[in-house]
Amino acid sequence: MMDKNKLINTLQTKGFHVEYFDTSKEAVKYMTDSLSGKTIGIGGAQTVKQMELDKALMQNNTVYWHWLPELIEKYGGSKEVNKLAGSAEIYISSANAIAETGEIVNIDGTGNRISSIAYGHEKVYFIIGINKVTENLNEAIWRARNIAAPKNAKRLNQKTPCAKNADKCYDCNSPDRICNGFLILERPMSGVEMTVIIVNEELGA
């Protein structure tokens, strides 16, 4: 069971801004109240889709998200949308896992998400459901490999061993492998304000 106070205190001690909400509706309101007139990039986050945060932010901001067909058509492909997302003022992602010891873990296949998290924005927001919280870093890495990646591979119809049953990592060499690189944040990257938004709901994979 998540120790909310331990997680919040640890993240704050490490230099992250932290917000906690009981519902995703409250988190969406916080985000829409905080962001207006901005360019916003979004990583491949089921959490954002589940919350319909992209729709809410598009009311008063310019949003770049490679999951939106209209943007892919407008800008000539998902790679072009990712380039725009990578140079946006604000970047929004979730995490594959977050440890109560303060580490944020993300796993990526193409690198657009972990590179955008690490560099190039005024602010980065992580929106994380309680299902992603682990006790320590080793468990967070295990979760990213064996829970998040297989579920995402299956959802994306990838031809990987893990996608068949969404059960565990097989450390495969498939061309469709989606776990080619890890980013483990111990603290916010220099010069970037990073906010962790914890939602008391199960969100994303």
# chains A, B, ... in the order shown; residues from 1 in each chain; ligands from 1
call {"tool": "select_by_dssp", "arguments": {"residues": "segment 120-186 of chain A", "states": "helix (DSSP H, G or I)", "output": "ChimeraX atom specification"}}
result
/A:130-132,137-155,161-165
call {"tool": "closest_atom_pairs", "arguments": {"of": "segment 50-94 of chain A", "to": "segment 179-201 of chain A", "cutoff": "10 Å", "atoms": "only C-alpha atoms", "output": "JSON lines"}}
result
{"residue": "A:Ile90", "atom": "CA", "partner": "A:Glu193", "partner_atom": "CA", "distance": 9.9}
{"residue": "A:Tyr91", "atom": "CA", "partner": "A:Met194", "partner_atom": "CA", "distance": 9.6}
{"residue": "A:Ile92", "atom": "CA", "partner": "A:Thr195", "partner_atom": "CA", "distance": 9.7}
{"residue": "A:Ser93", "atom": "CA", "partner": "A:Val196", "partner_atom": "CA", "distance": 9.8}
{"residue": "A:Ser94", "atom": "CA", "partner": "A:Val196", "partner_atom": "CA", "distance": 9.0}
call {"tool": "closest_residue", "arguments": {"among": "A:Lys123, A:Pro69, A:Leu57, A:Lys14", "to": "Gly86 of chain A", "atoms": "only C-alpha atoms"}}
result
A:Lys123
call {"tool": "residues_around", "arguments": {"residues": "Ala163 of chain A", "least_positions_apart": "4", "cutoff": "7 Å", "atoms": "only C-alpha atoms", "output": "MDAnalysis selection string"}}
result
chainID A and resid 150:151 153:154 158:159
call {"tool": "atom_distance", "arguments": {"atom1": "atom CA of Ile147 of chain A", "atom2": "atom CA of Asp167 of chain A"}}
result
7.0 Å
call {"tool": "residues_around", "arguments": {"residues": "Asp171 of chain A", "least_positions_apart": "6", "cutoff": "9 Å", "atoms": "only C-alpha atoms", "output": "list in words"}}
result
Arg145, Pro161, Cys162, Arg177 and Cys179 of chain A
call {"tool": "write_last_selection", "arguments": {"atoms": "C-alpha atoms", "output": "PDB file, in the first residue's frame"}}
result
ATOM      1  CA  ARG A 145       9.788  -4.125 -17.568  1.00  0.00           C
ATOM      2  CA  PRO A 161       6.885 -12.303 -26.878  1.00  0.00           C
ATOM      3  CA  CYS A 162       5.575 -10.140 -24.048  1.00  0.00           C
ATOM      4  CA  ARG A 177      10.679  -4.197 -28.910  1.00  0.00           C
ATOM      5  CA  CYS A 179      11.838  -1.201 -24.107  1.00  0.00           C
TER       6      CYS A 179
END
call {"tool": "residues_around", "arguments": {"residues": "Glu19 of chain A", "least_positions_apart": "5", "cutoff": "12 Å", "atoms": "only C-alpha atoms", "output": "VMD selection string"}}
result
chain A and resid 4 to 5 7 to 9 11 to 12 24 26 to 28 30 to 31 125 to 128 194 to 200
call {"tool": "atom_distance", "arguments": {"atom1": "atom CA of Lys49 of chain A", "atom2": "atom CA of Asn173 of chain A"}}
result
29.3 Å
call {"tool": "atom_distance", "arguments": {"atom1": "atom CA of Ala56 of chain A", "atom2": "atom CA of Lys29 of chain A"}}
result
8.6 Å
